[in-house]
Structures are given as structure tokens and as C-alpha cells.
file my_file_26.csv (CSV, C-alpha atoms and all ligand atoms)
chain,number,residue,atom,x,y,z
E,1237,MET,CA,122.8,106.0,236.4
E,1238,LEU,CA,126.4,104.8,235.7
E,1239,ASN,CA,128.8,107.7,236.1
E,1240,TYR,CA,131.8,106.7,234.1
E,1241,ARG,CA,135.0,108.7,234.3
E,1242,LYS,CA,135.2,111.9,232.3
E,1243,GLY,CA,136.1,111.4,228.7
E,1244,LEU,CA,135.5,107.7,228.6
E,1245,ALA,CA,132.4,107.8,226.4
E,1246,ASP,CA,134.4,109.8,223.8
E,1247,MET,CA,137.3,107.4,223.8
E,1248,PRO,CA,137.8,105.9,220.4
E,1249,ALA,CA,137.9,102.0,220.4
E,1250,TYR,CA,140.5,99.9,218.6
E,1251,ASP,CA,138.5,99.0,215.5
E,1252,VAL,CA,139.9,95.8,214.1
E,1253,ILE,CA,137.1,93.3,213.4
E,1254,GLU,CA,138.0,89.9,214.7
E,1255,ARG,CA,136.4,86.6,213.9
E,1256,PRO,CA,137.7,83.1,213.1
E,1257,TRP,CA,139.0,84.0,209.6
E,1258,GLY,CA,139.9,81.4,207.0
E,1259,ILE,CA,143.0,83.4,206.3
E,1260,LYS,CA,144.0,86.0,208.8
E,1261,VAL,CA,146.5,88.7,207.9
E,1262,ASN,CA,144.9,91.7,209.7
E,1263,ALA,CA,147.1,92.1,212.8
E,1264,ASN,CA,150.7,91.7,211.6
E,1265,GLU,CA,151.0,88.4,213.5
E,1266,CYS,CA,153.3,85.6,212.5
E,1267,ASN,CA,151.2,83.0,210.7
E,1268,MET,CA,153.3,80.1,211.9
E,1269,ASN,CA,153.2,78.6,215.4
E,1270,LEU,CA,156.5,78.2,217.4
E,1271,PRO,CA,159.4,76.4,215.7
E,1272,PRO,CA,159.0,72.7,216.9
E,1273,LEU,CA,162.3,72.7,218.9
E,1274,VAL,CA,161.3,75.8,220.7
E,1275,GLU,CA,157.8,74.5,221.4
E,1276,GLU,CA,159.2,71.3,222.8
E,1277,ARG,CA,161.5,73.3,225.2
E,1278,VAL,CA,158.6,75.6,226.2
E,1279,MET,CA,156.4,72.7,227.1
E,1280,ALA,CA,159.1,71.0,229.1
E,1281,ARG,CA,159.7,74.2,231.1
E,1282,LEU,CA,156.0,74.9,231.6
E,1283,GLY,CA,155.7,71.5,233.1
E,1284,CYS,CA,158.1,72.6,235.9
E,1285,VAL,CA,156.7,76.0,236.9
E,1286,ALA,CA,155.6,76.7,240.5
E,1287,PHE,CA,152.0,77.7,240.0
E,1288,ASN,CA,151.6,78.6,243.6
E,1289,ARG,CA,154.3,81.4,243.6
E,1290,TYR,CA,154.3,85.0,242.3
E,1291,PRO,CA,156.6,85.0,239.3
E,1292,ASN,CA,159.4,87.3,240.7
E,1293,GLU,CA,162.2,85.0,239.7
E,1294,GLN,CA,161.0,84.4,236.1
E,1295,TYR,CA,160.5,88.1,235.7
E,1296,ASP,CA,164.1,88.8,236.7
E,1297,ASP,CA,165.4,85.9,234.6
E,1298,LEU,CA,163.9,87.4,231.4
E,1299,ARG,CA,165.0,90.9,232.3
E,1300,GLU,CA,168.5,89.6,232.8
E,1301,GLN,CA,168.5,87.7,229.5
E,1302,ILE,CA,167.4,90.8,227.6
E,1303,ALA,CA,169.9,93.0,229.5
E,1304,LYS,CA,172.8,90.6,228.8
E,1305,TYR,CA,171.9,90.5,225.1
E,1306,TYR,CA,172.0,94.3,224.8
E,1307,GLY,CA,175.0,94.7,227.1
E,1308,VAL,CA,173.0,96.7,229.7
E,1309,GLN,CA,171.9,96.1,233.3
E,1310,LYS,CA,168.7,94.5,234.3
E,1311,GLU,CA,167.7,97.8,235.9
E,1312,ASN,CA,167.6,99.2,232.3
E,1313,VAL,CA,164.9,96.8,231.3
E,1314,LEU,CA,161.2,96.8,232.0
E,1315,LEU,CA,158.8,94.1,230.9
E,1316,GLY,CA,155.2,94.6,230.0
E,1317,ILE,CA,152.0,92.8,228.9
E,1318,GLY,CA,152.9,93.3,225.3
E,1319,SER,CA,154.7,96.5,224.2
E,1320,SER,CA,151.1,97.9,224.1
E,1321,GLU,CA,151.1,98.0,227.9
E,1322,ILE,CA,154.6,99.5,228.0
E,1323,ILE,CA,153.6,102.3,225.6
E,1324,GLU,CA,150.3,102.9,227.5
E,1325,LYS,CA,152.3,103.2,230.8
E,1326,ILE,CA,154.8,105.6,229.2
E,1327,PHE,CA,151.9,107.7,227.9
E,1328,TYR,CA,150.4,107.6,231.4
E,1329,CYS,CA,153.6,108.7,233.1
E,1330,PHE,CA,154.1,111.6,230.8
E,1331,GLY,CA,150.5,112.6,230.5
E,1332,GLY,CA,148.1,113.7,233.2
E,1333,GLY,CA,146.4,116.8,231.9
E,1334,GLU,CA,145.5,118.8,228.7
E,1335,GLU,CA,148.5,120.9,229.1
E,1336,ARG,CA,150.7,117.9,228.6
E,1337,HIS,CA,151.5,117.2,225.0
E,1338,ILE,CA,152.4,113.9,223.3
E,1339,VAL,CA,153.7,114.2,219.7
E,1340,TYR,CA,153.6,111.3,217.3
E,1341,PRO,CA,153.6,110.9,213.5
E,1342,GLN,CA,150.5,110.4,211.4
E,1343,PRO,CA,149.6,108.0,210.0
E,1344,SER,CA,151.2,105.7,212.5
E,1345,PHE,CA,150.1,103.1,215.1
E,1346,SER,CA,146.5,104.0,215.7
E,1347,MET,CA,146.8,103.3,219.5
E,1348,TYR,CA,149.0,106.3,220.1
E,1349,LYS,CA,146.0,108.6,219.7
E,1350,ILE,CA,144.0,106.4,222.1
E,1351,TYR,CA,146.8,106.1,224.7
E,1352,ALA,CA,147.2,109.9,224.6
E,1353,LYS,CA,143.5,110.3,225.3
E,1354,ALA,CA,143.6,107.7,228.1
E,1355,ALA,CA,146.5,109.5,229.7
E,1356,GLU,CA,144.3,112.7,229.6
E,1357,ALA,CA,147.1,114.4,227.6
E,1358,THR,CA,146.8,116.3,224.3
E,1359,GLY,CA,147.8,114.1,221.4
E,1360,VAL,CA,149.6,116.1,218.7
E,1361,PRO,CA,149.9,114.2,215.3
E,1362,VAL,CA,152.6,115.4,212.9
E,1363,ASP,CA,152.0,114.4,209.2
E,1364,LEU,CA,154.4,112.2,207.5
E,1365,ARG,CA,155.3,113.3,204.0
E,1366,ALA,CA,153.0,112.4,201.1
E,1367,ASP,CA,155.1,109.3,200.4
E,1368,TYR,CA,154.9,108.4,204.1
E,1369,THR,CA,158.6,109.2,204.8
E,1370,PHE,CA,159.4,110.8,208.1
E,1371,ASP,CA,159.9,114.5,208.1
E,1372,ALA,CA,162.4,115.0,211.0
E,1373,ASP,CA,162.3,118.8,210.8
E,1374,ALA,CA,158.5,119.0,210.9
E,1375,PHE,CA,158.6,116.6,213.9
E,1376,ILE,CA,161.2,118.6,215.8
E,1377,ASN,CA,159.5,121.9,215.1
E,1378,LYS,CA,156.2,120.5,216.5
E,1379,VAL,CA,157.9,119.0,219.6
E,1380,GLN,CA,159.5,122.4,220.3
E,1381,GLU,CA,156.4,124.4,219.4
E,1382,VAL,CA,154.1,122.6,221.8
E,1383,LYS,CA,156.9,122.0,224.4
E,1384,ALA,CA,156.1,118.3,224.3
E,1385,ASP,CA,156.4,116.1,227.3
E,1386,LEU,CA,156.7,113.0,225.2
E,1387,ALA,CA,157.7,112.4,221.5
E,1388,VAL,CA,157.0,109.1,219.9
E,1389,ILE,CA,158.1,107.5,216.7
E,1390,CYS,CA,157.5,104.1,215.3
E,1391,ASN,CA,160.4,102.6,213.3
E,1392,PRO,CA,159.7,101.0,211.0
E,1393,ASN,CA,156.3,102.6,210.9
E,1394,ASN,CA,153.0,100.8,211.2
E,1395,PRO,CA,150.9,100.9,209.0
E,1396,THR,CA,153.0,102.4,206.2
E,1397,GLY,CA,156.0,100.0,206.6
E,1398,THR,CA,158.3,102.9,206.1
E,1399,GLY,CA,161.8,102.8,207.7
E,1400,ILE,CA,163.1,105.9,209.4
E,1401,PRO,CA,166.8,106.4,208.7
E,1402,LEU,CA,168.9,106.4,211.9
E,1403,GLU,CA,170.3,109.8,211.0
E,1404,ASP,CA,166.8,111.2,211.2
E,1405,ILE,CA,166.3,109.6,214.6
E,1406,LYS,CA,169.6,111.1,215.8
E,1407,LYS,CA,168.6,114.5,214.4
E,1408,VAL,CA,165.4,114.3,216.5
E,1409,ALA,CA,167.3,113.2,219.6
E,1410,ASP,CA,169.8,116.0,219.2
E,1411,ASN,CA,167.1,118.6,219.0
E,1412,ILE,CA,164.5,117.7,221.6
E,1413,ASP,CA,164.9,117.3,225.3
E,1414,CYS,CA,161.6,115.7,226.4
E,1415,CYS,CA,161.2,111.9,226.7
E,1416,PHE,CA,161.7,110.2,223.3
E,1417,LEU,CA,160.1,106.8,222.7
E,1418,VAL,CA,161.2,104.8,219.7
E,1419,ASP,CA,158.7,102.0,219.1
E,1420,GLU,CA,160.6,99.2,217.4
E,1421,ALA,CA,157.8,96.6,217.2
E,1422,TYR,CA,158.9,95.5,213.7
E,1423,MET,CA,162.7,96.1,214.0
E,1424,GLU,CA,163.7,92.5,213.3
E,1425,PHE,CA,162.3,92.9,209.8
E,1426,TYR,CA,164.3,96.1,209.3
E,1427,GLY,CA,167.5,95.5,211.1
E,1428,LYS,CA,168.3,99.1,211.9
E,1429,SER,CA,167.8,99.8,215.6
E,1430,ALA,CA,168.3,103.1,217.5
E,1431,PHE,CA,169.6,101.0,220.3
E,1432,GLY,CA,173.2,102.2,219.9
E,1433,MET,CA,172.0,105.7,220.6
E,1434,LEU,CA,170.6,104.9,224.0
E,1435,LYS,CA,173.8,105.6,225.9
E,1436,ASN,CA,174.1,109.1,224.4
E,1437,TYR,CA,170.5,110.1,225.1
E,1438,PRO,CA,169.3,109.5,228.6
E,1439,ASN,CA,165.8,110.7,227.6
E,1440,MET,CA,165.4,107.9,225.0
E,1441,ILE,CA,163.3,104.7,225.4
E,1442,ILE,CA,163.3,101.8,223.0
E,1443,ALA,CA,160.2,99.5,223.1
E,1444,ARG,CA,160.2,96.0,221.6
E,1445,THR,CA,157.8,93.1,221.4
E,1446,PHE,CA,157.7,89.3,221.3
E,1447,SER,CA,154.4,89.5,219.3
E,1448,LYS,CA,155.8,89.9,215.8
E,1449,ALA,CA,159.1,88.3,214.8
E,1450,TYR,CA,158.9,85.8,217.7
E,1451,GLY,CA,155.3,84.9,216.8
E,1452,LEU,CA,154.3,85.1,220.5
E,1453,ALA,CA,151.3,87.4,220.2
E,1454,SER,CA,149.2,85.1,222.4
E,1455,CYS,CA,151.6,85.5,225.4
E,1456,ARG,CA,151.5,89.3,225.5
E,1457,VAL,CA,155.1,90.1,226.3
E,1458,GLY,CA,157.0,93.3,225.4
E,1459,TYR,CA,159.8,95.3,226.9
E,1460,MET,CA,161.5,98.6,227.0
E,1461,VAL,CA,165.1,99.5,227.5
E,1462,ALA,CA,166.1,102.9,228.9
E,1463,ASP,CA,168.1,104.7,231.5
E,1464,ALA,CA,167.5,103.1,234.9
E,1465,LYS,CA,166.0,106.3,236.3
E,1466,ILE,CA,163.3,106.2,233.5
E,1467,VAL,CA,162.7,102.5,234.2
E,1468,ASP,CA,162.2,103.2,237.9
E,1469,MET,CA,159.7,105.9,237.2
E,1470,ILE,CA,157.6,104.0,234.6
E,1471,ALA,CA,157.7,100.9,236.9
E,1472,LYS,CA,155.7,103.0,239.5
E,1473,ALA,CA,152.7,102.8,237.1
E,1474,TYR,CA,152.6,99.0,237.4
E,1475,MET,CA,151.0,96.9,240.0
E,1476,PRO,CA,153.0,94.2,241.7
E,1477,TYR,CA,153.5,90.8,239.9
E,1478,TYR,CA,151.7,92.0,236.7
E,1479,MET,CA,153.3,89.5,234.4
E,1480,ASN,CA,152.2,85.8,234.5
E,1481,VAL,CA,154.7,82.9,234.8
E,1482,LEU,CA,153.5,81.1,231.6
E,1483,SER,CA,154.2,84.1,229.4
E,1484,LEU,CA,157.5,84.9,231.1
E,1485,VAL,CA,158.8,81.3,230.8
E,1486,THR,CA,157.7,81.1,227.2
E,1487,ALA,CA,159.2,84.4,226.2
E,1488,ASP,CA,162.4,83.5,228.1
E,1489,THR,CA,162.7,80.3,226.1
E,1490,CYS,CA,162.1,82.0,222.8
E,1491,PHE,CA,164.7,84.7,223.6
E,1492,GLN,CA,167.3,82.1,224.5
E,1493,MET,CA,166.5,80.1,221.3
E,1494,ARG,CA,166.2,83.2,219.1
E,1495,GLN,CA,168.4,81.7,216.4
E,1496,GLU,CA,165.5,79.3,215.7
E,1497,PHE,CA,163.5,82.3,214.5
E,1498,VAL,CA,166.0,83.6,212.0
E,1499,PRO,CA,164.9,81.5,209.0
E,1500,ARG,CA,161.2,82.4,209.4
E,1501,ILE,CA,162.1,86.1,209.8
E,1502,GLN,CA,164.0,85.8,206.5
E,1503,MET,CA,161.1,84.0,205.0
E,1504,MET,CA,158.7,86.8,205.9
E,1505,ILE,CA,161.0,89.4,204.5
E,1506,ALA,CA,161.3,87.3,201.3
E,1507,GLU,CA,157.5,87.1,201.1
E,1508,ARG,CA,157.2,90.8,201.6
E,1509,LYS,CA,159.6,91.5,198.7
E,1510,ARG,CA,157.9,88.9,196.5
E,1511,MET,CA,154.4,90.2,197.2
E,1512,SER,CA,155.3,93.9,196.9
E,1513,LYS,CA,156.6,93.1,193.4
E,1514,ARG,CA,153.5,91.2,192.4
E,1515,TYR,CA,151.1,93.9,193.7
E,1516,ALA,CA,153.1,96.6,192.0
E,1517,GLU,CA,152.4,94.9,188.7
E,1518,LEU,CA,148.6,95.2,189.2
E,1519,GLN,CA,146.9,98.0,187.3
E,1520,GLY,CA,145.8,100.8,189.7
E,1521,VAL,CA,147.6,99.5,192.7
E,1522,LYS,CA,150.2,101.5,194.6
E,1523,VAL,CA,152.6,99.6,196.9
E,1524,TYR,CA,154.4,101.5,199.6
E,1525,PRO,CA,158.0,100.3,200.3
E,1526,SER,CA,157.9,98.2,203.5
E,1527,ASN,CA,160.6,97.3,206.0
E,1528,THR,CA,158.2,95.1,208.1
E,1529,ASN,CA,156.2,91.9,208.0
E,1530,PHE,CA,153.4,93.6,206.1
E,1531,VAL,CA,152.7,95.6,203.0
E,1532,LEU,CA,150.5,98.6,202.6
E,1533,VAL,CA,148.7,99.0,199.2
E,1534,LYS,CA,146.5,101.7,197.8
E,1535,VAL,CA,143.6,100.4,195.6
E,1536,PRO,CA,140.8,102.2,193.7
E,1537,ASP,CA,138.0,101.1,196.1
E,1538,ALA,CA,139.3,99.7,199.3
E,1539,VAL,CA,135.9,99.5,201.1
E,1540,ALA,CA,134.3,97.3,198.4
E,1541,LEU,CA,137.5,95.2,198.0
E,1542,ASN,CA,137.7,94.6,201.7
E,1543,GLU,CA,134.0,93.6,201.7
E,1544,SER,CA,134.7,91.1,198.9
E,1545,LEU,CA,137.6,89.6,200.9
E,1546,VAL,CA,135.5,89.4,204.1
E,1547,ALA,CA,132.8,87.5,202.1
E,1548,LYS,CA,135.6,85.0,201.3
E,1549,ASN,CA,136.5,84.8,205.0
E,1550,ILE,CA,139.8,86.6,204.5
E,1551,GLY,CA,140.7,89.1,207.2
E,1552,ILE,CA,142.9,92.0,206.2
E,1553,ARG,CA,143.3,95.5,207.7
E,1554,SER,CA,141.2,98.1,205.9
E,1555,PHE,CA,141.6,101.7,207.1
E,1556,GLY,CA,138.2,103.1,206.0
E,1557,ASN,CA,138.5,106.9,206.3
E,1558,ALA,CA,141.4,107.1,208.7
E,1559,PRO,CA,143.4,110.3,208.0
E,1560,ARG,CA,145.9,110.0,205.1
E,1561,LEU,CA,145.0,106.3,204.7
E,1562,GLU,CA,142.0,106.5,202.3
E,1563,ASN,CA,141.8,103.4,200.1
E,1564,CYS,CA,144.7,101.8,201.8
E,1565,LEU,CA,144.8,98.1,202.8
E,1566,ARG,CA,147.4,96.5,205.0
E,1567,LEU,CA,148.3,92.9,204.4
E,1568,SER,CA,150.5,91.0,206.9
E,1569,MET,CA,152.7,88.5,205.2
E,1570,GLY,CA,151.2,85.1,205.8
E,1571,LEU,CA,152.3,81.8,204.4
E,1572,ARG,CA,153.3,81.8,200.8
E,1573,GLU,CA,150.1,80.0,199.7
E,1574,GLU,CA,147.9,82.4,201.8
E,1575,ASN,CA,149.7,85.4,200.2
E,1576,ASP,CA,149.1,84.0,196.7
E,1577,ARG,CA,145.4,83.3,197.4
E,1578,ILE,CA,144.8,86.8,198.7
E,1579,PHE,CA,146.7,88.2,195.7
E,1580,ASP,CA,144.5,86.2,193.3
E,1581,GLU,CA,141.3,87.4,195.0
E,1582,ILE,CA,142.4,91.0,194.9
E,1583,LYS,CA,143.4,90.7,191.2
E,1584,LEU,CA,140.0,89.1,190.4
E,1585,PHE,CA,138.3,92.0,192.1
E,1586,LEU,CA,140.3,94.7,190.4
E,1587,GLU,CA,139.6,93.0,187.0
E,1588,GLY,CA,135.9,93.1,187.9
E,1589,ARG,CA,135.7,89.3,188.0
E,1590,ALA,CA,135.3,88.7,191.8
E,1601,LIG,C1,153.8,99.8,216.1
E,1601,LIG,C2,153.3,98.9,217.1
E,1601,LIG,N1,153.7,99.0,218.4
E,1601,LIG,C3,153.2,98.2,219.4
E,1601,LIG,C4,152.4,97.2,219.1
E,1601,LIG,C5,151.9,96.4,220.2
E,1601,LIG,O1,152.3,95.1,220.1
E,1601,LIG,P1,152.2,94.1,221.4
E,1601,LIG,O2,151.3,94.7,222.4
E,1601,LIG,O3,151.6,92.9,220.9
E,1601,LIG,O4,153.6,93.9,221.9
E,1601,LIG,C6,151.9,97.0,217.8
E,1601,LIG,C7,151.0,95.9,217.5
E,1601,LIG,O5,150.5,95.8,216.4
E,1601,LIG,C8,152.4,97.8,216.8
E,1601,LIG,O6,152.1,97.7,215.5
call {"tool": "encode", "arguments": {"input": "my_file_26.csv", "output": "C-alpha cells", "more": "lines below"}}
Ligand SMILES: Cc1ncc(COP(=O)(O)O)c(C=O)c1O
result
Amino acid sequence: MLNYRKGLADMPAYDVIERPWGIKVNANECNMNLPPLVEERVMARLGCVAFNRYPNEQYDDLREQIAKYYGVQKENVLLGIGSSEIIEKIFYCFGGGEERHIVYPQPSFSMYKIYAKAAEATGVPVDLRADYTFDADAFINKVQEVKADLAVICNPNNPTGTGIPLEDIKKVADNIDCCFLVDEAYMEFYGKSAFGMLKNYPNMIIARTFSKAYGLASCRVGYMVADAKIVDMIAKAYMPYYMNVLSLVTADTCFQMRQEFVPRIQMMIAERKRMSKRYAELQGVKVYPSNTNFVLVKVPDAVALNESLVAKNIGIRSFGNAPRLENCLRLSMGLREENDRIFDEIKLFLEGRA
């Protein structure tokens, strides 16, 4: 008899279907590999790493790079194996019992619910408005009502693409006193960061990732910036030397060469605008305004449409019956020709010709 820990059997799993798709736009990745100049530099640096040493030095180098860029100290920066791990650790540090409450918007990043459960805390979703905009008052009321230990928002929000105005974030920060995590995984596509507020709110954490705008999903590198006291506490949840040198050196090179990524970020934004317009012209399709590298669309029969795309080896993100996401499909912005091909397939299906 295998006696797993309490609650594990009921733990929901992350339900994205992965396989070698012909076109893959299901995980908000960047559909281009590294810019050639960056790749060349990465390869040269990887050729010089000390494989026999724990990667202390490289960890500190990247922390320092990030700190310098934001005008903070390296003690304000914590790295993680993707921002996933950072978020999971933050949930762990503020969880630890049913009486601990973690408040987050719904619909939002599906992992918040799972991390709350893994942290043995009570997850408290707060509905976004019908158009998926953020209702700051409802959020604040809920945080206060349940005396939350952690409040989380995602800006811009995944999977709706909605940007939360900075005034709303300030309003939340002004009215809550628990830890306040702002997950900015898609910030580079939006441009409006809450970073400037950090100095005024010592309970605020900002989490960022190299997986989206930098196209470094394979390396699994993310980071958080916060008051040094928070960083020290979250760091306690980590084992020693948890980051690997290959990822650290690669992310460090990308960060130093971040100007090389600007044209592709602009291209993804342009594709998002172009495709949002095209989808909005299709009969029966609702397009939600997006500030990210993906677009959320509502269609008449998402399950059947998704099945028809799967049959054509196209991987998109379908939300099945997830709360408030019925008939919604999320399409990451791939290359122009990939976006057009998916559009054509969706159009054919909606016209009954697929
Ligand atoms: C809102 C949000 N936060 C965090 C993450 C985690 O990204 P990573 O672990 O690759 O940094 C994702 C990934 O899709 C996301 O959508």
C-alpha cells in the first residue's frame, strides 16, 4: 500500500496536452529560437563553464545584472526555476494550513489554484468582471473579508490577455497589508509594470520570467524582486544550489543582450494586433483585447473546433469547461504564416467546411 501525503490524490494536474505538434501555440512560448547573435554568444560562454563547480558565481552574476537594471540591490532579487517555482515557493511560504488564505483572480493562471492546494492553503478566487477586466474593489473586499495571507494578481492576465491599469494595482496596494504578488510574466508585451511601486510597498513582490519575451522557456529561469526581508524569507524554501549553470549563463547572456529581443517583441505585438483584427471579422467569434503574446477568442463550439485543429496537428489551448472560460480558445502568437494557417483552419471550421 502506497501512503501518499494527504491531499495529493485530489490535487488537480496541469492539463495541457503536449505532443510534437506541427504548429504549437498552446503555451505562450516564443515561436523563434534565440536571435543568432545571442545564440553565438551563449554557445561561446557555455564552452567555458566549470562543470565541476556549484554555480554560486553565476547565480550572483545574474542576480546582480537584474538588480543593476532595476536600480536595486542583489539582495532584492531571487532567481527561480522559471517564475513557476518562484510563485510556488511564495505560495508555500504564505500557506501551511486551511486557515491560511490566498486570494487570486478568476479566470487567471490555472496554476494559482494548484499552488494554493500544494501549499495546503485555502485558495480564494475572485471573479473578474464579465469582460474580464479586474474589479479592484471586489478583490480588496475579498482580501479583507478572509484576512488573506497572500494576494496575487497577474498583469497582464493569462489567459484573458487583459491589462490591469496601474491605478488599480495601487488601489489594491493601498488597501491591503498582506503580501501582494504581482505576476508580470507577460509584462514586456504590455509595458506597464508595477515595479515603480515596490519602494512604497514593502509587502509587494514582482515576479518575472525569461520564458516568454526572451523565448527561453527551455532553460526555466524566472525571478522575483522585493524587499530584502521578503527575499530572505522566501529563499529559506529553496535548497542550496538549485539553479543549474547552463540556464544561469544562458539567461545572463540574454539579459545582457536584451536589445536583441526588442524587434521580435514588437513583431509579436504586431501579430497580436493583426490577428485580433482578423478574428474579430469572423462571424460568431468574440476577441478579447490582449496586452500579451496571445489572444483569447470565444467561438460557438470550442471543443469541436479544438478537435478539428488537433486532427491537423495544431496545438492550441482549449479551456474545456474551466470556470468562466467556456468555449474559449487561447492562441499564442506564432510566426506570421503559422498564425495565418490557424486562422484559415478556424475560418473553414466556422463556415462548416473543415
Ligand atoms: C501568468 C504566468 N505566470 C507564470 C508562468 C510561469 O512561467 P515560467 O515558469 O516558464 O517562468 C506562466 C507560464 O505560462 C504564466 O502564464
call {"tool": "closest_residue", "arguments": {"input": "my_file_26.csv", "among": "E:Cys1564, E:Ala1464, E:Val1339, E:Ala1263", "to": "ligand LIG 1601 (chain E)", "atoms": "only C-alpha atoms and all ligand atoms"}}
result
E:Ala1263
call {"tool": "closest_residue", "arguments": {"input": "my_file_26.csv", "among": "E:Ala1354, E:Leu1315, E:Ala1453, E:Ala1286", "to": "ligand LIG 1601 (chain E)", "atoms": "all atoms listed in the file"}}
result
E:Ala1453
call {"tool": "residues_near_ligand", "arguments": {"input": "my_file_26.csv", "ligand": "ligand LIG 1601 (chain E)", "cutoff": "8 Å", "atoms": "only C-alpha atoms and all ligand atoms", "output": "JSON, numbers by chain"}}
result
{"E": [1263, 1264, 1265, 1317, 1318, 1319, 1320, 1321, 1323, 1344, 1345, 1390, 1391, 1392, 1393, 1394, 1395, 1419, 1420, 1421, 1422, 1444, 1445, 1446, 1447, 1448, 1453, 1456, 1457, 1458]}
call {"tool": "closest_residue", "arguments": {"input": "my_file_26.csv", "among": "E:Ala1538, E:Val1418, E:Ile1400, E:Leu1518", "to": "E:Ala1387", "atoms": "all atoms listed in the file"}}
result
E:Val1418
call {"tool": "residues_around", "arguments": {"input": "my_file_26.csv", "residues": "E:Cys1329", "least_positions_apart": "3", "cutoff": "12 Å", "atoms": "all atoms listed in the file", "output": "JSON, numbers by chain"}}
result
{"E": [1322, 1323, 1324, 1325, 1326, 1332, 1333, 1336, 1337, 1338, 1351, 1352, 1354, 1355, 1356, 1357, 1385, 1386, 1415, 1466, 1467, 1468, 1469, 1470, 1471, 1472, 1473, 1474]}
call {"tool": "build_atoms", "arguments": {"input": "my_file_26.csv", "residues": "stretch 1384-1398 of chain E", "atoms": "N, CA and C atoms", "output": "CSV table (one decimal), keeping the file's coordinate frame"}}
result
chain,number,residue,atom,x,y,z
E,1384,ALA,N,156.6,119.7,224.0
E,1384,ALA,CA,156.1,118.3,224.3
E,1384,ALA,C,156.7,117.7,225.5
E,1385,ASP,N,155.9,116.9,226.1
E,1385,ASP,CA,156.4,116.1,227.3
E,1385,ASP,C,156.9,114.7,226.9
E,1386,LEU,N,156.3,114.3,225.7
E,1386,LEU,CA,156.7,113.0,225.2
E,1386,LEU,C,156.7,113.0,223.7
E,1387,ALA,N,157.7,112.5,223.0
E,1387,ALA,CA,157.7,112.4,221.5
E,1387,ALA,C,157.8,110.9,221.2
E,1388,VAL,N,157.0,110.5,220.2
E,1388,VAL,CA,157.0,109.1,219.9
E,1388,VAL,C,157.2,108.9,218.4
E,1389,ILE,N,158.1,107.9,218.1
E,1389,ILE,CA,158.1,107.5,216.7
E,1389,ILE,C,158.1,106.0,216.6
E,1390,CYS,N,157.7,105.5,215.5
E,1390,CYS,CA,157.5,104.1,215.3
E,1390,CYS,C,158.4,103.7,214.1
E,1391,ASN,N,159.4,102.9,214.4
E,1391,ASN,CA,160.4,102.6,213.3
E,1391,ASN,C,160.7,101.1,213.2
E,1392,PRO,N,160.4,100.4,212.1
E,1392,PRO,CA,159.7,101.0,211.0
E,1392,PRO,C,158.2,101.2,211.3
E,1393,ASN,N,157.6,102.1,210.5
E,1393,ASN,CA,156.3,102.6,210.9
E,1393,ASN,C,155.2,101.7,210.5
E,1394,ASN,N,154.2,101.5,211.5
E,1394,ASN,CA,153.0,100.8,211.2
E,1394,ASN,C,151.9,101.9,211.0
E,1395,PRO,N,151.1,101.9,210.0
E,1395,PRO,CA,150.9,100.9,209.0
E,1395,PRO,C,151.5,101.1,207.7
E,1396,THR,N,152.4,102.1,207.6
E,1396,THR,CA,153.0,102.4,206.2
E,1396,THR,C,154.1,101.5,205.9
E,1397,GLY,N,154.8,100.9,206.8
E,1397,GLY,CA,156.0,100.0,206.6
E,1397,GLY,C,157.3,100.8,206.4
E,1398,THR,N,157.2,102.1,206.4
E,1398,THR,CA,158.3,102.9,206.1
E,1398,THR,C,159.4,102.9,207.2
